[in-house]
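J.: Got a file for you: data.pdb, PDB, C-alpha atoms, pLDDT in the B column.
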```
ATOM      1  CA  THR A 292      67.775  -5.564 221.491  1.00 90.00           C
ATOM      2  CA  ARG A 293      66.093  -4.919 224.811  1.00 96.00           C
ATOM      3  CA  HIS A 294      62.869  -6.737 225.508  1.00 97.00           C
ATOM      4  CA  ASP A 295      60.462  -3.847 224.955  1.00 97.00           C
ATOM      5  CA  SER A 296      61.431  -3.705 221.256  1.00 97.00           C
ATOM      6  CA  HIS A 297      60.770  -7.379 220.482  1.00 98.00           C
ATOM      7  CA  ALA A 298      57.040  -7.230 219.758  1.00 98.00           C
ATOM      8  CA  SER A 299      57.202  -4.369 217.245  1.00 98.00           C
ATOM      9  CA  LEU A 300      60.166  -5.911 215.417  1.00 98.00           C
ATOM     10  CA  VAL A 301      58.418  -9.290 215.270  1.00 98.00           C
ATOM     11  CA  LEU A 302      55.213  -7.733 213.933  1.00 98.00           C
ATOM     12  CA  ASP A 303      57.147  -5.819 211.253  1.00 97.00           C
ATOM     13  CA  ALA A 304      58.851  -9.041 210.175  1.00 96.00           C
ATOM     14  CA  ILE A 305      55.598 -11.017 210.127  1.00 96.00           C
ATOM     15  CA  ASN A 306      53.888  -8.334 208.044  1.00 96.00           C
ATOM     16  CA  SER A 307      56.837  -8.458 205.625  1.00 96.00           C
ATOM     17  CA  HIS A 308      56.453 -12.259 205.312  1.00 95.00           C
ATOM     18  CA  LYS A 309      59.873 -12.890 206.853  1.00 96.00           C
ATOM     19  CA  HIS A 310      61.055 -15.793 208.946  1.00 97.00           C
ATOM     20  CA  VAL A 311      61.708 -14.542 212.475  1.00 96.00           C
ATOM     21  CA  PHE A 312      64.221 -15.544 215.117  1.00 97.00           C
ATOM     22  CA  VAL A 313      63.747 -13.435 218.238  1.00 97.00           C
ATOM     23  CA  GLU A 314      65.417 -13.792 221.598  1.00 96.00           C
ATOM     24  CA  LYS A 315      63.212 -14.365 224.604  1.00 97.00           C
ATOM     25  CA  PRO A 316      60.782 -13.034 225.561  1.00 98.00           C
ATOM     26  CA  LEU A 317      58.557 -12.708 222.520  1.00 98.00           C
ATOM     27  CA  CYS A 318      56.829  -9.676 224.058  1.00 98.00           C
ATOM     28  CA  LEU A 319      56.073  -7.982 227.368  1.00 97.00           C
ATOM     29  CA  LYS A 320      52.345  -7.229 227.192  1.00 97.00           C
ATOM     30  CA  THR A 321      49.170  -9.216 226.606  1.00 97.00           C
ATOM     31  CA  GLN A 322      48.056  -6.781 223.883  1.00 97.00           C
ATOM     32  CA  GLU A 323      51.321  -7.382 222.026  1.00 98.00           C
ATOM     33  CA  LEU A 324      50.907 -11.141 222.267  1.00 98.00           C
ATOM     34  CA  GLN A 325      47.353 -10.898 220.929  1.00 98.00           C
ATOM     35  CA  LYS A 326      48.549  -8.861 217.934  1.00 98.00           C
ATOM     36  CA  ILE A 327      51.299 -11.354 217.165  1.00 98.00           C
ATOM     37  CA  GLU A 328      48.914 -14.305 217.471  1.00 97.00           C
ATOM     38  CA  LYS A 329      46.410 -12.625 215.188  1.00 97.00           C
ATOM     39  CA  SER A 330      48.979 -11.496 212.597  1.00 96.00           C
ATOM     40  CA  TYR A 331      50.948 -14.713 212.302  1.00 96.00           C
ATOM     41  CA  ARG A 332      49.917 -16.659 209.180  1.00 89.00           C
ATOM     42  CA  GLN A 333      51.971 -19.838 209.725  1.00 87.00           C
ATOM     43  CA  ASP A 334      53.500 -19.526 206.221  1.00 90.00           C
ATOM     44  CA  THR A 335      56.784 -18.485 207.815  1.00 95.00           C
ATOM     45  CA  ILE A 336      58.683 -19.648 210.887  1.00 97.00           C
ATOM     46  CA  LEU A 337      58.493 -17.684 214.127  1.00 97.00           C
ATOM     47  CA  MET A 338      61.162 -18.931 216.497  1.00 97.00           C
ATOM     48  CA  VAL A 339      61.924 -17.750 220.041  1.00 98.00           C
ATOM     49  CA  GLY A 340      65.384 -18.445 221.440  1.00 98.00           C
ATOM     50  CA  PHE A 341      64.302 -21.009 224.016  1.00 98.00           C
ATOM     51  CA  ASN A 342      67.639 -22.737 223.618  1.00 98.00           C
ATOM     52  CA  ARG A 343      67.579 -25.015 226.660  1.00 98.00           C
ATOM     53  CA  ARG A 344      65.205 -27.490 225.016  1.00 97.00           C
ATOM     54  CA  PHE A 345      67.930 -27.978 222.351  1.00 98.00           C
ATOM     55  CA  ALA A 346      70.758 -28.708 224.799  1.00 98.00           C
ATOM     56  CA  PRO A 347      72.331 -32.139 224.079  1.00 97.00           C
ATOM     57  CA  LEU A 348      71.826 -33.420 227.629  1.00 98.00           C
ATOM     58  CA  VAL A 349      68.213 -32.204 227.648  1.00 98.00           C
ATOM     59  CA  LYS A 350      67.604 -34.196 224.451  1.00 97.00           C
ATOM     60  CA  LYS A 351      69.034 -37.294 226.127  1.00 96.00           C
ATOM     61  CA  LEU A 352      66.961 -36.656 229.243  1.00 97.00           C
ATOM     62  CA  LYS A 353      63.767 -36.387 227.205  1.00 98.00           C
ATOM     63  CA  PHE A 354      64.616 -39.558 225.284  1.00 96.00           C
ATOM     64  CA  PHE A 355      64.702 -41.539 228.527  1.00 95.00           C
ATOM     65  CA  ILE A 356      61.696 -40.007 230.284  1.00 96.00           C
ATOM     66  CA  ASP A 357      59.539 -40.360 227.169  1.00 96.00           C
ATOM     67  CA  LYS A 358      60.045 -44.122 227.301  1.00 94.00           C
ATOM     68  CA  TYR A 359      57.761 -44.198 230.334  1.00 93.00           C
ATOM     69  CA  SER A 360      54.120 -43.171 230.227  1.00 89.00           C
ATOM     70  CA  GLY A 361      52.484 -41.454 233.145  1.00 93.00           C
ATOM     71  CA  PRO A 362      53.021 -38.110 234.847  1.00 97.00           C
ATOM     72  CA  LYS A 363      56.392 -36.752 235.950  1.00 98.00           C
ATOM     73  CA  ALA A 364      57.422 -34.362 238.727  1.00 98.00           C
ATOM     74  CA  PHE A 365      59.958 -31.665 237.829  1.00 98.00           C
ATOM     75  CA  ILE A 366      62.097 -29.439 240.052  1.00 98.00           C
ATOM     76  CA  TYR A 367      64.115 -26.700 238.359  1.00 98.00           C
ATOM     77  CA  LYS A 368      66.502 -24.561 240.380  1.00 98.00           C
ATOM     78  CA  CYS A 369      68.113 -21.444 238.940  1.00 98.00           C
ATOM     79  CA  ASN A 370      70.731 -19.673 241.045  1.00 98.00           C
ATOM     80  CA  ALA A 371      70.264 -16.535 238.969  1.00 96.00           C
ATOM     81  CA  GLY A 372      72.427 -14.060 240.872  1.00 93.00           C
ATOM     82  CA  TYR A 373      71.823 -10.482 241.916  1.00 91.00           C
ATOM     83  CA  LEU A 374      71.209  -7.596 239.525  1.00 92.00           C
ATOM     84  CA  PRO A 375      71.133  -3.962 240.712  1.00 92.00           C
ATOM     85  CA  LYS A 376      67.654  -2.488 241.064  1.00 91.00           C
ATOM     86  CA  GLU A 377      68.434   0.048 238.323  1.00 93.00           C
ATOM     87  CA  HIS A 378      69.394  -2.659 235.787  1.00 95.00           C
ATOM     88  CA  TRP A 379      67.226  -2.426 232.649  1.00 95.00           C
ATOM     89  CA  LEU A 380      65.992  -5.997 233.084  1.00 95.00           C
ATOM     90  CA  ASN A 381      64.329  -5.009 236.364  1.00 93.00           C
ATOM     91  CA  ASP A 382      62.447  -2.193 234.623  1.00 93.00           C
ATOM     92  CA  LEU A 383      59.019  -3.724 233.925  1.00 92.00           C
ATOM     93  CA  ASP A 384      58.465  -1.491 230.887  1.00 94.00           C
ATOM     94  CA  ILE A 385      61.833  -2.253 229.277  1.00 96.00           C
ATOM     95  CA  GLY A 386      62.955  -5.659 230.520  1.00 96.00           C
ATOM     96  CA  GLY A 387      59.721  -7.068 231.909  1.00 94.00           C
ATOM     97  CA  GLY A 388      61.327  -8.098 235.179  1.00 94.00           C
ATOM     98  CA  ARG A 389      62.966 -11.453 235.695  1.00 95.00           C
ATOM     99  CA  LEU A 390      59.716 -13.415 235.724  1.00 95.00           C
ATOM    100  CA  ILE A 391      58.924 -12.492 232.116  1.00 96.00           C
ATOM    101  CA  GLY A 392      62.444 -11.649 230.967  1.00 95.00           C
ATOM    102  CA  GLU A 393      64.229 -14.778 232.180  1.00 96.00           C
ATOM    103  CA  ALA A 394      62.004 -17.375 233.868  1.00 96.00           C
ATOM    104  CA  CYS A 395      60.176 -17.907 230.558  1.00 97.00           C
ATOM    105  CA  HIS A 396      63.173 -20.105 229.624  1.00 97.00           C
ATOM    106  CA  PHE A 397      62.338 -22.588 232.365  1.00 98.00           C
ATOM    107  CA  VAL A 398      58.588 -22.595 231.878  1.00 98.00           C
ATOM    108  CA  ASP A 399      59.200 -23.433 228.222  1.00 98.00           C
ATOM    109  CA  LEU A 400      61.619 -26.217 229.164  1.00 98.00           C
ATOM    110  CA  LEU A 401      59.139 -27.903 231.520  1.00 98.00           C
ATOM    111  CA  ARG A 402      56.402 -27.487 228.904  1.00 98.00           C
ATOM    112  CA  TYR A 403      58.665 -29.291 226.430  1.00 98.00           C
ATOM    113  CA  LEU A 404      59.716 -32.079 228.780  1.00 98.00           C
ATOM    114  CA  SER A 405      56.196 -32.716 230.072  1.00 98.00           C
ATOM    115  CA  GLY A 406      54.814 -32.887 226.534  1.00 97.00           C
ATOM    116  CA  SER A 407      51.543 -31.480 227.792  1.00 97.00           C
ATOM    117  CA  ASN A 408      49.579 -28.238 227.983  1.00 98.00           C
ATOM    118  CA  ILE A 409      49.925 -26.091 231.088  1.00 98.00           C
ATOM    119  CA  LEU A 410      46.793 -26.409 233.183  1.00 97.00           C
ATOM    120  CA  ASN A 411      47.574 -24.131 236.141  1.00 97.00           C
ATOM    121  CA  ILE A 412      50.368 -21.779 237.171  1.00 97.00           C
ATOM    122  CA  SER A 413      51.002 -19.831 240.369  1.00 97.00           C
ATOM    123  CA  CYS A 414      53.885 -17.922 241.886  1.00 96.00           C
ATOM    124  CA  SER A 415      55.188 -17.171 245.374  1.00 95.00           C
ATOM    125  CA  ARG A 416      57.540 -14.208 245.647  1.00 93.00           C
ATOM    126  CA  MET A 417      59.941 -13.414 248.463  1.00 91.00           C
ATOM    127  CA  ASN A 418      59.410 -10.025 250.056  1.00 83.00           C
ATOM    128  CA  ASN A 419      62.511  -7.851 250.141  1.00 76.00           C
ATOM    129  CA  LYS A 420      63.388  -4.204 250.611  1.00 72.00           C
ATOM    130  CA  SER A 421      64.168  -3.566 246.953  1.00 70.00           C
ATOM    131  CA  LYS A 422      60.697  -4.763 245.841  1.00 73.00           C
ATOM    132  CA  ILE A 423      62.012  -5.976 242.492  1.00 82.00           C
ATOM    133  CA  ASN A 424      60.599  -9.524 242.796  1.00 85.00           C
ATOM    134  CA  ASP A 425      63.756 -11.311 241.687  1.00 92.00           C
ATOM    135  CA  THR A 426      63.436 -14.319 244.016  1.00 95.00           C
ATOM    136  CA  PHE A 427      60.364 -16.487 243.478  1.00 96.00           C
ATOM    137  CA  SER A 428      58.967 -19.989 243.006  1.00 98.00           C
ATOM    138  CA  ILE A 429      56.611 -20.975 240.190  1.00 98.00           C
ATOM    139  CA  ASN A 430      54.274 -23.947 240.535  1.00 98.00           C
ATOM    140  CA  LEU A 431      52.939 -25.634 237.410  1.00 98.00           C
ATOM    141  CA  SER A 432      50.452 -28.403 236.725  1.00 98.00           C
ATOM    142  CA  PHE A 433      49.995 -29.996 233.314  1.00 98.00           C
ATOM    143  CA  LYS A 434      47.060 -31.578 231.547  1.00 98.00           C
ATOM    144  CA  ASN A 435      48.658 -35.053 231.611  1.00 97.00           C
ATOM    145  CA  GLY A 436      48.991 -34.968 235.411  1.00 98.00           C
ATOM    146  CA  SER A 437      52.626 -33.868 235.566  1.00 98.00           C
ATOM    147  CA  ILE A 438      53.664 -31.149 238.013  1.00 98.00           C
ATOM    148  CA  GLY A 439      56.647 -28.837 238.170  1.00 98.00           C
ATOM    149  CA  THR A 440      58.282 -26.280 240.419  1.00 98.00           C
ATOM    150  CA  ILE A 441      60.728 -23.617 239.265  1.00 98.00           C
ATOM    151  CA  HIS A 442      62.841 -21.975 241.947  1.00 98.00           C
ATOM    152  CA  TYR A 443      64.317 -18.770 240.527  1.00 97.00           C
ATOM    153  CA  PHE A 444      66.534 -17.275 243.224  1.00 97.00           C
ATOM    154  CA  ALA A 445      68.640 -14.130 242.949  1.00 94.00           C
ATOM    155  CA  ASN A 446      69.818 -14.207 246.568  1.00 93.00           C
ATOM    156  CA  GLY A 447      72.331 -17.066 246.420  1.00 94.00           C
ATOM    157  CA  SER A 448      76.087 -17.389 246.065  1.00 95.00           C
ATOM    158  CA  ARG A 449      77.681 -17.217 242.618  1.00 92.00           C
ATOM    159  CA  LEU A 450      79.966 -20.059 243.750  1.00 93.00           C
ATOM    160  CA  PHE A 451      76.994 -22.436 243.696  1.00 95.00           C
ATOM    161  CA  PRO A 452      76.080 -24.107 240.331  1.00 93.00           C
ATOM    162  CA  LYS A 453      73.695 -21.970 238.312  1.00 96.00           C
ATOM    163  CA  GLU A 454      71.076 -24.469 237.122  1.00 97.00           C
ATOM    164  CA  MET A 455      69.788 -27.876 238.198  1.00 98.00           C
ATOM    165  CA  LEU A 456      66.861 -29.951 236.931  1.00 98.00           C
ATOM    166  CA  GLU A 457      65.506 -33.079 238.615  1.00 98.00           C
ATOM    167  CA  VAL A 458      62.795 -35.368 237.237  1.00 98.00           C
ATOM    168  CA  PHE A 459      60.961 -37.930 239.403  1.00 98.00           C
ATOM    169  CA  TRP A 460      58.688 -40.699 238.104  1.00 97.00           C
ATOM    170  CA  ASP A 461      57.796 -44.330 238.716  1.00 95.00           C
ATOM    171  CA  GLY A 462      60.630 -45.067 241.156  1.00 96.00           C
ATOM    172  CA  LYS A 463      63.191 -43.293 238.990  1.00 97.00           C
ATOM    173  CA  VAL A 464      65.083 -40.012 239.149  1.00 98.00           C
ATOM    174  CA  MET A 465      67.164 -38.173 236.562  1.00 98.00           C
ATOM    175  CA  GLN A 466      69.221 -35.096 237.327  1.00 98.00           C
ATOM    176  CA  LEU A 467      70.645 -32.530 234.908  1.00 98.00           C
ATOM    177  CA  ASP A 468      73.496 -30.783 236.708  1.00 97.00           C
ATOM    178  CA  ASN A 469      74.267 -27.383 235.182  1.00 97.00           C
ATOM    179  CA  PHE A 470      74.171 -28.779 231.620  1.00 97.00           C
ATOM    180  CA  LYS A 471      77.420 -30.646 232.245  1.00 96.00           C
ATOM    181  CA  ARG A 472      76.263 -33.844 233.925  1.00 97.00           C
ATOM    182  CA  LEU A 473      73.292 -36.141 233.510  1.00 98.00           C
ATOM    183  CA  ASN A 474      72.790 -38.574 236.385  1.00 97.00           C
ATOM    184  CA  ALA A 475      70.164 -41.246 236.981  1.00 97.00           C
ATOM    185  CA  TRP A 476      68.858 -43.419 239.788  1.00 97.00           C
ATOM    186  CA  GLY A 477      66.608 -46.418 239.228  1.00 96.00           C
ATOM    187  CA  LEU A 478      67.728 -46.845 235.599  1.00 94.00           C
ATOM    188  CA  PRO A 479      70.164 -49.761 235.798  1.00 90.00           C
ATOM    189  CA  ARG A 480      71.323 -49.614 232.168  1.00 86.00           C
ATOM    190  CA  PHE A 481      71.949 -45.899 232.190  1.00 92.00           C
ATOM    191  CA  LYS A 482      75.540 -44.697 232.552  1.00 93.00           C
ATOM    192  CA  ASN A 483      75.962 -41.241 234.039  1.00 95.00           C
ATOM    193  CA  ILE A 484      77.214 -38.693 231.514  1.00 95.00           C
ATOM    194  CA  ARG A 485      79.799 -36.038 232.252  1.00 94.00           C
ATOM    195  CA  ASN A 486      80.711 -33.303 229.765  1.00 90.00           C
ATOM    196  CA  PHE A 487      83.509 -30.845 230.358  1.00 87.00           C
ATOM    197  CA  ARG A 488      81.904 -28.148 228.195  1.00 91.00           C
ATOM    198  CA  LEU A 489      78.717 -26.445 229.329  1.00 94.00           C
ATOM    199  CA  ASP A 490      76.207 -26.524 226.472  1.00 97.00           C
ATOM    200  CA  LYS A 491      72.807 -24.877 226.939  1.00 97.00           C
ATOM    201  CA  GLY A 492      71.763 -25.510 223.355  1.00 97.00           C
ATOM    202  CA  GLN A 493      72.309 -22.070 221.793  1.00 97.00           C
ATOM    203  CA  GLU A 494      74.111 -23.438 218.735  1.00 97.00           C
ATOM    204  CA  ASN A 495      71.632 -26.271 218.183  1.00 98.00           C
ATOM    205  CA  CYS A 496      68.756 -23.837 218.577  1.00 98.00           C
ATOM    206  CA  CYS A 497      70.044 -21.586 215.786  1.00 97.00           C
ATOM    207  CA  LYS A 498      70.944 -24.540 213.552  1.00 98.00           C
ATOM    208  CA  SER A 499      67.474 -26.030 213.881  1.00 98.00           C
ATOM    209  CA  PHE A 500      65.918 -22.705 212.840  1.00 98.00           C
ATOM    210  CA  LEU A 501      68.109 -22.442 209.733  1.00 98.00           C
ATOM    211  CA  GLU A 502      67.569 -26.091 208.788  1.00 98.00           C
ATOM    212  CA  ALA A 503      63.795 -25.676 209.069  1.00 97.00           C
ATOM    213  CA  ILE A 504      63.944 -22.761 206.623  1.00 97.00           C
ATOM    214  CA  LYS A 505      66.262 -24.641 204.245  1.00 97.00           C
ATOM    215  CA  ASN A 506      64.095 -27.773 204.278  1.00 96.00           C
ATOM    216  CA  ASN A 507      60.784 -25.890 204.278  1.00 95.00           C
ATOM    217  CA  SER A 508      59.762 -27.809 207.390  1.00 94.00           C
ATOM    218  CA  GLU A 509      57.799 -26.927 210.500  1.00 93.00           C
ATOM    219  CA  SER A 510      59.156 -24.629 213.197  1.00 95.00           C
ATOM    220  CA  PRO A 511      61.419 -26.427 215.703  1.00 97.00           C
ATOM    221  CA  ILE A 512      59.224 -24.958 218.460  1.00 98.00           C
ATOM    222  CA  PRO A 513      55.489 -25.132 217.716  1.00 97.00           C
ATOM    223  CA  PHE A 514      53.930 -21.676 217.500  1.00 97.00           C
ATOM    224  CA  ASP A 515      51.115 -22.731 219.838  1.00 97.00           C
ATOM    225  CA  GLU A 516      53.634 -23.646 222.569  1.00 98.00           C
ATOM    226  CA  ILE A 517      55.385 -20.282 222.258  1.00 98.00           C
ATOM    227  CA  ILE A 518      52.055 -18.476 222.629  1.00 98.00           C
ATOM    228  CA  GLU A 519      50.980 -20.741 225.506  1.00 98.00           C
ATOM    229  CA  VAL A 520      54.132 -20.128 227.562  1.00 98.00           C
ATOM    230  CA  HIS A 521      53.945 -16.356 227.138  1.00 98.00           C
ATOM    231  CA  LYS A 522      50.212 -16.238 227.786  1.00 97.00           C
ATOM    232  CA  VAL A 523      50.406 -18.044 231.138  1.00 97.00           C
ATOM    233  CA  LEU A 524      53.359 -15.926 232.271  1.00 97.00           C
ATOM    234  CA  LEU A 525      51.773 -12.626 231.257  1.00 96.00           C
ATOM    235  CA  ASN A 526      48.577 -13.579 233.089  1.00 94.00           C
ATOM    236  CA  LEU A 527      50.637 -14.624 236.090  1.00 92.00           C
ATOM    237  CA  ASN A 528      52.513 -11.324 236.070  1.00 86.00           C
ATOM    238  CA  LYS A 529      49.225  -9.410 236.177  1.00 82.00           C
ATOM    239  CA  SER A 530      48.252 -11.195 239.373  1.00 75.00           C
TER
END
```
Could you show the structure in this file as structure tokens?
T.:
Amino acid sequence: TRHDSHASLVLDAINSHKHVFVEKPLCLKTQELQKIEKSYRQDTILMVGFNRRFAPLVKKLKFFIDKYSGPKAFIYKCNAGYLPKEHWLNDLDIGGGRLIGEACHFVDLLRYLSGSNILNISCSRMNNKSKINDTFSINLSFKNGSIGTIHYFANGSRLFPKEMLEVFWDGKVMQLDNFKRLNAWGLPRFKNIRNFRLDKGQENCCKSFLEAIKNNSESPIPFDEIIEVHKVLLNLNKS
């Protein structure tokens, strides 16, 4: 379903005491988010399809960076590609624009990898004739001292890899190259990993949701983190 329908469907499911799996974003408006936050009783699972945190190479990346205390610096680059101005995703009332409709993926991923609440967020947008704000950089700071930058660019070549994540800390660097390669510098015992199949975690994301229901366990993504990511982005979009 298109993004403008998500909030009402989620609220109907919550009020019917159903477990909910909804694709990103959870909603498009602050009022919708407030209703969901108020209605949710935590006796069911509310899961948003933030699949990248479930990607196998992301799990391995987090395993290594969590071995070291102290803040990290993250750089995420998304070569998103051009969409026509009339595309439904660029309609703020239907798709929410690419900041809400797509970049929420990457804000959630950095929130997950940092393991800390988002303290500050800001955005610089590139001016263009179409005025659809599809090329921008997001700056994040986290409560534990970590920082992150997300470069979401729609003006690049489709021949260039789509996504790249780099993590810097304590004389070490790890690089996730388009969910196919995981490279490291400054980690002498680490052997670079190369997969031939791109895996962004969609299957693992769905499996974790179903297993949580079957085992009557907590949601694979904490509800508070889902609300936090959407809240900071919706506030950012207002500004």
J.: I'd like to know which of A:Ala371, A:Ile512, A:Leu404, A:Leu319 is closest to Gly388 of chain A, using only C-alpha atoms.
T.: A:Leu319
J.: Using only C-alpha atoms, what residues lie at most 12 Å away from (74.4, -38.4, 234.5) (file coordinates), given as a ChimeraX atom specification?
T.: /A:348-349,351-352,355,456-457,464-476,478,480-486
J.: Using all atoms listed in the file, which of the listed residues (A:Val458, A:Ile412, A:Ala364, A:Cys497) sits closest to Ile438 of chain A?
T.: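 Answer, going by the shortest atom-to-atom distance: A:Ala364.
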J.: Given the choices A:Leu524, A:Met455, A:Cys395, A:Asn446, which gets closest to Pro375 of chain A if the distance is worked out from all atoms listed in the file?
T.: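 Smallest distance to Pro375 of chain A is found for A:Asn446.
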J.: Quick one: residues within 9 Å of Arg449 of chain A, all atoms listed in the file, excluding same-chain residues fewer than 2 positions away - as a PDB file with C-alpha atoms, keeping the file's coordinate frame?
T.:
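And here's result-v8.pdb as it stands now:
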```pdb
ATOM      1  CA  ASN A 370      70.731 -19.673 241.045  1.00 98.00           C
ATOM      2  CA  ALA A 371      70.264 -16.535 238.969  1.00 96.00           C
ATOM      3  CA  GLY A 372      72.427 -14.060 240.872  1.00 93.00           C
ATOM      4  CA  TYR A 373      71.823 -10.482 241.916  1.00 91.00           C
ATOM      5  CA  GLY A 447      72.331 -17.066 246.420  1.00 94.00           C
ATOM      6  CA  PHE A 451      76.994 -22.436 243.696  1.00 95.00           C
ATOM      7  CA  PRO A 452      76.080 -24.107 240.331  1.00 93.00           C
ATOM      8  CA  LYS A 453      73.695 -21.970 238.312  1.00 96.00           C
TER       9      LYS A 453
END
```
J.: Nearest to Asn435 of chain A: which of A:Ser296, A:Ser360, A:Asn507, A:Ser499 is it, counting all atoms listed in the file?
T.: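 Answer, going by the shortest atom-to-atom distance: A:Ser360.
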J.: When you look at Ser510 of chain A with a cut-off of 7 Å (counting only C-alpha atoms), what residues show up, excluding the ones that are within fewer than 6 positions of it in the same chain? I need them as a list in words.
T.: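 Selected residues are Ile336, Met338 and Ala503 of chain A.
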J.: Compile the contact shell of Ile517 of chain A as a compact mmCIF listing (two decimals) with C-alpha atoms, in the coordinates of the input: residues with an atom at most 12 Å away, counting all atoms listed in the file, same-chain residues fewer than 6 positions apart removed.
T.:
```txt
# COMPACT_ATOMS: atom_id res chain seq x y z
CA VAL A 313 63.75 -13.44 218.24
CA GLU A 314 65.42 -13.79 221.60
CA LYS A 315 63.21 -14.36 224.60
CA PRO A 316 60.78 -13.03 225.56
CA LEU A 317 58.56 -12.71 222.52
CA CYS A 318 56.83 -9.68 224.06
CA LEU A 324 50.91 -11.14 222.27
CA ILE A 327 51.30 -11.35 217.16
CA GLU A 328 48.91 -14.30 217.47
CA ILE A 336 58.68 -19.65 210.89
CA LEU A 337 58.49 -17.68 214.13
CA MET A 338 61.16 -18.93 216.50
CA VAL A 339 61.92 -17.75 220.04
CA GLY A 340 65.38 -18.44 221.44
CA PHE A 341 64.30 -21.01 224.02
CA CYS A 395 60.18 -17.91 230.56
CA HIS A 396 63.17 -20.10 229.62
CA VAL A 398 58.59 -22.60 231.88
CA ASP A 399 59.20 -23.43 228.22
CA LEU A 400 61.62 -26.22 229.16
CA ARG A 402 56.40 -27.49 228.90
CA TYR A 403 58.66 -29.29 226.43
CA ASN A 408 49.58 -28.24 227.98
CA ILE A 409 49.92 -26.09 231.09
CA SER A 510 59.16 -24.63 213.20
CA PRO A 511 61.42 -26.43 215.70
CA VAL A 523 50.41 -18.04 231.14
CA LEU A 524 53.36 -15.93 232.27
```
J.: What does the structure give for the distance between atom CA of Ser407 of chain A and atom CA of Leu431 of chain A, in Å to one decimal?
T.: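 We find that atom CA of Ser407 of chain A and atom CA of Leu431 of chain A lie 11.3 Å from each other.
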J.: Separation of atom CA of Val301 of chain A and atom CA of Gly386 of chain A, in Å?
T.: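 Pair atom CA of Val301 of chain A / atom CA of Gly386 of chain A returns 16.3 Å.
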J.: Pick the closest to Lys350 of chain A from A:Leu525, A:Cys496, A:Ile518, A:Leu450: which is it, counting only C-alpha atoms?
T.: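 Smallest distance to Lys350 of chain A is found for A:Cys496.
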J.: What does the distance between atom CA of Lys505 of chain A and atom CA of Ser330 of chain A come to in Å, to one decimal place?
T.: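 Answer for the atom CA of Lys505 of chain A to atom CA of Ser330 of chain A separation: 23.3 Å.
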J.: Compare A:His294, A:His442, A:Lys420, A:Arg343 by their minimum atom-to-atom distance to Lys368 of chain A, counting all atoms listed in the file, and give me the closest one.
T.: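 Using all atoms listed in the file, Lys368 of chain A sits closest to A:His442.
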J.: Given the PyMOL selection byres ((chain A and resi 332) around 12) and the file above, list the residues it selects as a ChimeraX atom specification.
T.: /A:302,304-310,326-331,333-337,514
J.: With 8 Å of padding per side, what axis-aligned box (centre and edge lengths, Å, one decimal) covers all the listed atoms of segment 397-402 of chain A? Give it as AutoDock Vina command-line options.
T.:
```
--center_x 59.4 --center_y -25.2 --center_z 230.3 --size_x 21.9 --size_y 21.3 --size_z 20.1
```
J.: Taking (58.6, -1.2, 227.6) as a centre in this file's frame and 12 Å as the limit, can you find every polymer residue with an atom that close, using all atoms listed in the file, and give them as a VMD selection string?
T.: chain A and resid 292 to 299 318 to 320 323 379 to 388 392
J.: Name the residues captured by the PyMOL selection byres ((chain A and resi 422) around 12) when it is applied to the shown file; answer as an MDAnalysis selection string.
T.: chainID A and resid 375:377 381:382 388 416:421 423:427
J.: Restricting the output to C-alpha atoms, write the selected residues as an mmCIF file, in the frame of the given file.
T.:
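As written to disk, part.cif reads:
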```
data_model
loop_
_atom_site.group_PDB
_atom_site.id
_atom_site.type_symbol
_atom_site.label_atom_id
_atom_site.label_comp_id
_atom_site.auth_asym_id
_atom_site.auth_seq_id
_atom_site.Cartn_x
_atom_site.Cartn_y
_atom_site.Cartn_z
ATOM 1 C CA PRO A 375 71.133 -3.962 240.712
ATOM 2 C CA LYS A 376 67.654 -2.488 241.064
ATOM 3 C CA GLU A 377 68.434 0.048 238.323
ATOM 4 C CA ASN A 381 64.329 -5.009 236.364
ATOM 5 C CA ASP A 382 62.447 -2.193 234.623
ATOM 6 C CA GLY A 388 61.327 -8.098 235.179
ATOM 7 C CA ARG A 416 57.540 -14.208 245.647
ATOM 8 C CA MET A 417 59.941 -13.414 248.463
ATOM 9 C CA ASN A 418 59.410 -10.025 250.056
ATOM 10 C CA ASN A 419 62.511 -7.851 250.141
ATOM 11 C CA LYS A 420 63.388 -4.204 250.611
ATOM 12 C CA SER A 421 64.168 -3.566 246.953
ATOM 13 C CA ILE A 423 62.012 -5.976 242.492
ATOM 14 C CA ASN A 424 60.599 -9.524 242.796
ATOM 15 C CA ASP A 425 63.756 -11.311 241.687
ATOM 16 C CA THR A 426 63.436 -14.319 244.016
ATOM 17 C CA PHE A 427 60.364 -16.487 243.478
#
```
J.: Go through the shown structure with the PyMOL selection byres ((chain A and resi 410) around 6) and write out the matching residues as a list in words.
T.: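 Applying the expression gives Ile409, Asn411, Ser432, Phe433 and Lys434 of chain A.
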